[in-house]
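Pasting entry12.pdb here (PDB, C-alpha atoms):
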ATOM      1  CA  MET S1076      79.184  73.114 109.041
ATOM      2  CA  GLY S1077      80.712  76.551 108.561
ATOM      3  CA  VAL S1078      84.219  77.716 109.265
ATOM      4  CA  PRO S1079      84.467  79.264 112.728
ATOM      5  CA  THR S1080      85.184  82.979 112.611
ATOM      6  CA  THR S1081      86.882  85.202 115.098
ATOM      7  CA  PRO S1082      85.149  88.517 115.669
ATOM      8  CA  ILE S1083      87.281  91.523 114.740
ATOM      9  CA  ASP S1084      87.407  94.275 117.315
ATOM     10  CA  PRO S1085      86.201  97.617 115.976
ATOM     11  CA  PRO S1086      88.853 100.309 115.591
ATOM     12  CA  PRO S1087      89.356 102.619 118.590
ATOM     13  CA  ALA S1088      86.748 105.355 118.881
ATOM     14  CA  ASP S1089      89.315 108.173 119.153
ATOM     15  CA  PRO S1090      88.034 111.021 116.945
ATOM     16  CA  GLY S1091      91.621 112.218 116.484
ATOM     17  CA  LEU S1092      92.260 109.185 114.298
ATOM     18  CA  ASP S1093      89.745 110.513 111.788
ATOM     19  CA  GLU S1094      91.221 114.024 111.538
ATOM     20  CA  PRO S1095      93.213 114.945 108.409
ATOM     21  CA  SER S1096      96.906 114.547 109.313
ATOM     22  CA  ARG S1097     100.408 115.255 108.099
ATOM     23  CA  LEU S1098     102.410 112.101 108.643
ATOM     24  CA  PHE S1099     105.241 109.883 107.482
ATOM     25  CA  VAL S1100     105.617 106.133 107.952
ATOM     26  CA  SER S1101     109.123 104.667 108.051
ATOM     27  CA  TRP S1102     110.239 101.046 107.935
ATOM     28  CA  HIS S1103     113.620  99.981 109.305
ATOM     29  CA  GLN S1104     115.572  96.780 109.504
ATOM     30  CA  GLY S1105     117.860  97.398 112.440
ATOM     31  CA  GLU S1106     119.401 100.820 111.751
ATOM     32  CA  ARG S1107     118.880 100.574 107.968
ATOM     33  CA  LEU S1108     116.040 102.588 106.457
ATOM     34  CA  VAL S1109     113.894 100.329 104.280
ATOM     35  CA  GLY S1110     111.402 103.000 103.219
ATOM     36  CA  CYS S1111     109.877 106.291 104.295
ATOM     37  CA  ILE S1112     106.916 107.969 102.614
ATOM     38  CA  GLY S1113     104.326 110.432 103.828
ATOM     39  CA  THR S1114     102.797 113.821 103.275
ATOM     40  CA  LEU S1115     103.111 117.408 104.429
ATOM     41  CA  GLU S1116      99.504 118.030 103.345
ATOM     42  CA  PRO S1117      96.637 116.696 105.476
ATOM     43  CA  HIS S1118      94.547 114.981 102.799
ATOM     44  CA  ARG S1119      93.854 111.682 104.619
ATOM     45  CA  SER S1120      92.754 110.901 108.144
ATOM     46  CA  LEU S1121      95.456 109.682 110.508
ATOM     47  CA  ARG S1122      93.835 106.216 110.458
ATOM     48  CA  ASP S1123      93.746 105.997 106.640
ATOM     49  CA  GLY S1124      97.088 107.755 106.190
ATOM     50  CA  VAL S1125      98.930 105.269 108.389
ATOM     51  CA  ARG S1126      97.478 102.357 106.420
ATOM     52  CA  TYR S1127      98.209 103.947 103.040
ATOM     53  CA  PHE S1128     101.723 105.218 103.771
ATOM     54  CA  ALA S1129     102.741 102.010 105.551
ATOM     55  CA  VAL S1130     102.188 100.143 102.292
ATOM     56  CA  GLN S1131     103.769 102.880 100.171
ATOM     57  CA  ALA S1132     106.870 103.131 102.377
ATOM     58  CA  GLY S1133     107.298  99.375 102.551
ATOM     59  CA  LEU S1134     106.799  98.586  98.893
ATOM     60  CA  HIS S1135     107.141 101.729  96.791
ATOM     61  CA  ASP S1136     109.940 103.978  98.115
ATOM     62  CA  PRO S1137     112.012 104.501  94.945
ATOM     63  CA  ARG S1138     115.192 105.064  96.981
ATOM     64  CA  THR S1139     115.301 101.568  98.434
ATOM     65  CA  PRO S1140     114.781  97.985  97.211
ATOM     66  CA  VAL S1141     111.549  96.218  98.130
ATOM     67  CA  PRO S1142     112.118  93.969 101.160
ATOM     68  CA  ARG S1143     112.216  90.244 100.489
ATOM     69  CA  PRO S1144     109.525  88.110 102.137
ATOM     70  CA  ASP S1145     112.092  86.578 104.534
ATOM     71  CA  GLU S1146     113.040  90.103 105.730
ATOM     72  CA  LEU S1147     109.505  91.122 106.703
ATOM     73  CA  PRO S1148     109.547  89.659 110.257
ATOM     74  CA  ARG S1149     112.659  91.745 111.043
ATOM     75  CA  LEU S1150     111.154  95.080 109.979
ATOM     76  CA  HIS S1151     109.867  97.622 112.445
ATOM     77  CA  ALA S1152     107.751 100.689 111.760
ATOM     78  CA  SER S1153     107.637 104.214 113.059
ATOM     79  CA  ILE S1154     105.015 106.887 112.493
ATOM     80  CA  SER S1155     105.759 110.608 112.606
ATOM     81  CA  VAL S1156     102.723 112.875 113.016
ATOM     82  CA  LEU S1157     103.718 116.390 111.986
ATOM     83  CA  THR S1158     102.677 119.882 112.947
ATOM     84  CA  PRO S1159     101.943 122.251 110.053
ATOM     85  CA  PRO S1160     105.213 123.532 108.537
ATOM     86  CA  GLU S1161     105.791 127.193 109.422
ATOM     87  CA  PRO S1162     107.876 129.459 107.179
ATOM     88  CA  MET S1163     111.119 130.436 108.896
ATOM     89  CA  ASP S1164     111.941 134.130 109.245
ATOM     90  CA  GLU S1165     115.529 133.272 108.326
ATOM     91  CA  GLN S1166     116.356 133.026 104.627
ATOM     92  CA  GLY S1167     119.433 131.401 103.132
ATOM     93  CA  LEU S1168     121.245 128.269 104.199
ATOM     94  CA  GLU S1169     123.556 129.968 106.709
ATOM     95  CA  ALA S1170     120.742 131.665 108.606
ATOM     96  CA  ILE S1171     118.473 128.600 108.448
ATOM     97  CA  THR S1172     121.264 126.357 109.728
ATOM     98  CA  ALA S1173     121.994 128.717 112.641
ATOM     99  CA  ALA S1174     118.313 128.839 113.652
ATOM    100  CA  LEU S1175     117.723 125.079 113.818
ATOM    101  CA  VAL S1176     117.343 123.263 117.132
ATOM    102  CA  PRO S1177     118.969 119.817 116.740
ATOM    103  CA  GLY S1178     116.778 116.909 117.784
ATOM    104  CA  ARG S1179     113.606 119.005 117.733
ATOM    105  CA  ASP S1180     113.149 120.654 114.346
ATOM    106  CA  GLY S1181     112.010 119.029 111.146
ATOM    107  CA  LEU S1182     112.908 121.003 108.041
ATOM    108  CA  VAL S1183     111.567 121.554 104.555
ATOM    109  CA  LEU S1184     114.005 123.321 102.220
ATOM    110  CA  HIS S1185     112.758 125.122  99.093
ATOM    111  CA  ASP S1186     114.693 126.506  96.169
ATOM    112  CA  ASP S1187     112.518 127.378  93.181
ATOM    113  CA  ALA S1188     110.918 124.050  92.187
ATOM    114  CA  ARG S1189     113.224 121.911  94.332
ATOM    115  CA  ARG S1190     112.052 120.773  97.745
ATOM    116  CA  ALA S1191     113.061 118.152 100.299
ATOM    117  CA  VAL S1192     112.128 117.289 103.860
ATOM    118  CA  PHE S1193     113.923 115.768 106.846
ATOM    119  CA  LEU S1194     111.962 114.570 109.850
ATOM    120  CA  PRO S1195     113.309 115.456 113.310
ATOM    121  CA  VAL S1196     114.371 111.803 113.770
ATOM    122  CA  VAL S1197     117.072 112.355 111.115
ATOM    123  CA  TRP S1198     119.049 114.295 113.746
ATOM    124  CA  GLU S1199     119.927 110.892 115.254
ATOM    125  CA  SER S1200     122.131 110.125 112.249
ATOM    126  CA  LEU S1201     123.108 113.715 111.358
ATOM    127  CA  PRO S1202     123.508 115.476 114.728
ATOM    128  CA  GLU S1203     125.315 118.619 113.522
ATOM    129  CA  PRO S1204     123.183 121.347 111.893
ATOM    130  CA  THR S1205     125.675 121.829 109.044
ATOM    131  CA  GLN S1206     125.592 118.079 108.264
ATOM    132  CA  PHE S1207     121.800 118.005 108.521
ATOM    133  CA  VAL S1208     121.308 120.935 106.117
ATOM    134  CA  ALA S1209     124.032 119.784 103.685
ATOM    135  CA  ALA S1210     122.455 116.317 103.431
ATOM    136  CA  LEU S1211     119.014 117.848 102.908
ATOM    137  CA  CYS S1212     120.438 120.046 100.115
ATOM    138  CA  ARG S1213     121.852 116.929  98.440
ATOM    139  CA  LYS S1214     118.497 115.185  98.761
ATOM    140  CA  ALA S1215     116.735 118.170  97.150
ATOM    141  CA  GLY S1216     119.380 118.659  94.470
ATOM    142  CA  ILE S1217     120.100 122.167  95.747
ATOM    143  CA  ASP S1218     123.555 123.503  94.890
ATOM    144  CA  ALA S1219     124.406 125.041  98.267
ATOM    145  CA  ALA S1220     127.365 127.024  96.888
ATOM    146  CA  ARG S1221     125.300 128.737  94.184
ATOM    147  CA  ARG S1222     121.821 128.868  95.696
ATOM    148  CA  GLY S1223     122.544 129.138  99.432
ATOM    149  CA  PRO S1224     121.395 132.732  99.995
ATOM    150  CA  TRP S1225     118.070 132.185  98.206
ATOM    151  CA  VAL S1226     116.944 128.985  99.898
ATOM    152  CA  ARG S1227     113.825 129.182 102.059
ATOM    153  CA  GLY S1228     112.954 126.922 104.966
ATOM    154  CA  GLU S1229     109.908 125.724 106.842
ATOM    155  CA  ARG S1230     110.163 124.284 110.325
ATOM    156  CA  PHE S1231     107.856 121.679 111.843
ATOM    157  CA  TYR S1232     107.763 119.341 114.814
ATOM    158  CA  ALA S1233     106.765 115.703 115.045
ATOM    159  CA  ILE S1234     105.319 113.272 117.512
ATOM    160  CA  GLU S1235     106.968 109.895 116.964
ATOM    161  CA  PHE S1236     105.382 106.508 117.500
ATOM    162  CA  ALA S1237     107.628 103.476 117.090
ATOM    163  CA  GLU S1238     107.623  99.786 117.771
ATOM    164  CA  SER S1239     109.951  98.796 120.580
TER
END

Could I get this file's structure written as structure tokens?
Amino acid sequence: MGVPTTPIDPPPADPGLDEPSRLFVSWHQGERLVGCIGTLEPHRSLRDGVRYFAVQAGLHDPRTPVPRPDELPRLHASISVLTPPEPMDEQGLEAITAALVPGRDGLVLHDDARRAVFLPVVWESLPEPTQFVAALCRKAGIDAARRGPWVRGERFYAIEFAES
């Protein structure tokens, strides 16, 4: 006698799930970020990207320790699907900061080989544009005092999906 099996429902037939996507997956425990990894380049489908980056963010974010097994039931995920980043007309930290719309804009800062990104959701913890940009400079290793006028920015938007 064989082991009874439960049929697995096929994945949804939404063709949008198979389109190459820019996305980030974040894991939180309460308000604490456990991991966040994704891509600004649409190399994987949304379906495959969510699977891949969920594992990467949960187990391989070098900024945070790997969650212990007893912590796993308390984790919740969010997915940010991004629009293509658009170069900003403004150049330099002052002009970029003044042009940002808090709560809406995601930002990629560039300075030579240094680059860092903040998703729009980061505005929840850094609501002032000067705080937002200063923290992103620290993340990128950009010396705002020396390099400020030469920094370039790209703006993007995100659709957020989160567990309740």

What residues come out when you apply the PyMOL selection byres ((chain S and resi 1204) around 12) to this file, written as an MDAnalysis selection string?
-> chainID S and resid 1168:1182 1193 1195 1197:1203 1205:1211

Hey, can you check how far CA of Pro1160 in chain S sits from CA of Pro1224 in chain S?
->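 Rounded to one decimal, the two atoms are 20.5 Å apart.
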
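Pairwise distance (CA of Asp1084 in chain S, CA of Val1156 in chain S) equals 24.5 Å.
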
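Note that CA of Arg1097 in chain S and CA of Pro1117 in chain S are 4.8 Å apart.
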
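The closest residue to Pro1090 in chain S, picked from S:Leu1108, S:Leu1194, S:Ala1233, S:Leu1121 and counting only C-alpha atoms, is S:Leu1121.
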
Close residues, Gly1167 in chain S itself excluded, 12 Å, all atoms listed in the file, min 3 positions apart in chain, as JSON, numbers by chain = {"S": [1163, 1164, 1170, 1171, 1172, 1173, 1174, 1184, 1185, 1186, 1208, 1212, 1217, 1219, 1220, 1221, 1222, 1223, 1224, 1225, 1226, 1227, 1228, 1229]}

Might you spell out which residues the PyMOL selection byres ((chain S and resi 1141) around 12) would select in the displayed file, as a PDB file with C-alpha atoms, in the coordinates of the input?
ATOM      1  CA  TRP S1102     110.239 101.046 107.935  1.00  0.00           C
ATOM      2  CA  HIS S1103     113.620  99.981 109.305  1.00  0.00           C
ATOM      3  CA  LEU S1108     116.040 102.588 106.457  1.00  0.00           C
ATOM      4  CA  VAL S1109     113.894 100.329 104.280  1.00  0.00           C
ATOM      5  CA  GLY S1110     111.402 103.000 103.219  1.00  0.00           C
ATOM      6  CA  CYS S1111     109.877 106.291 104.295  1.00  0.00           C
ATOM      7  CA  VAL S1130     102.188 100.143 102.292  1.00  0.00           C
ATOM      8  CA  GLN S1131     103.769 102.880 100.171  1.00  0.00           C
ATOM      9  CA  ALA S1132     106.870 103.131 102.377  1.00  0.00           C
ATOM     10  CA  GLY S1133     107.298  99.375 102.551  1.00  0.00           C
ATOM     11  CA  LEU S1134     106.799  98.586  98.893  1.00  0.00           C
ATOM     12  CA  HIS S1135     107.141 101.729  96.791  1.00  0.00           C
ATOM     13  CA  ASP S1136     109.940 103.978  98.115  1.00  0.00           C
ATOM     14  CA  PRO S1137     112.012 104.501  94.945  1.00  0.00           C
ATOM     15  CA  ARG S1138     115.192 105.064  96.981  1.00  0.00           C
ATOM     16  CA  THR S1139     115.301 101.568  98.434  1.00  0.00           C
ATOM     17  CA  PRO S1140     114.781  97.985  97.211  1.00  0.00           C
ATOM     18  CA  PRO S1142     112.118  93.969 101.160  1.00  0.00           C
ATOM     19  CA  ARG S1143     112.216  90.244 100.489  1.00  0.00           C
ATOM     20  CA  PRO S1144     109.525  88.110 102.137  1.00  0.00           C
ATOM     21  CA  ASP S1145     112.092  86.578 104.534  1.00  0.00           C
ATOM     22  CA  GLU S1146     113.040  90.103 105.730  1.00  0.00           C
ATOM     23  CA  LEU S1147     109.505  91.122 106.703  1.00  0.00           C
ATOM     24  CA  LEU S1150     111.154  95.080 109.979  1.00  0.00           C
TER      25      LEU S1150
END

One residue among S:Ala1215, S:Leu1115, S:Ala1188, S:Ala1237 is nearest to Ser1101 in chain S when using only C-alpha atoms, and that residue is S:Ala1237

Can you give me, as a VMD selection string, the residues this file yields under the PyMOL selection byres ((chain S and resi 1118) around 8)?
-> chain S and resid 1095 to 1097 1116 to 1117 1119 to 1120

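Distances to Asp1187 in chain S were evaluated for S:Gly1216, S:Gly1091, S:Arg1230, S:Thr1158 using all atoms listed in the file, and the minimum falls at S:Gly1216.
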
Which of these, S:Arg1190, S:Arg1149, S:Leu1092, S:Glu1238, has the shortest distance to Asp1123 in chain S once you count only C-alpha atoms?
->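 Checking each of S:Arg1190, S:Arg1149, S:Leu1092, S:Glu1238 against Asp1123 in chain S, counting only C-alpha atoms, the winner is S:Leu1092.
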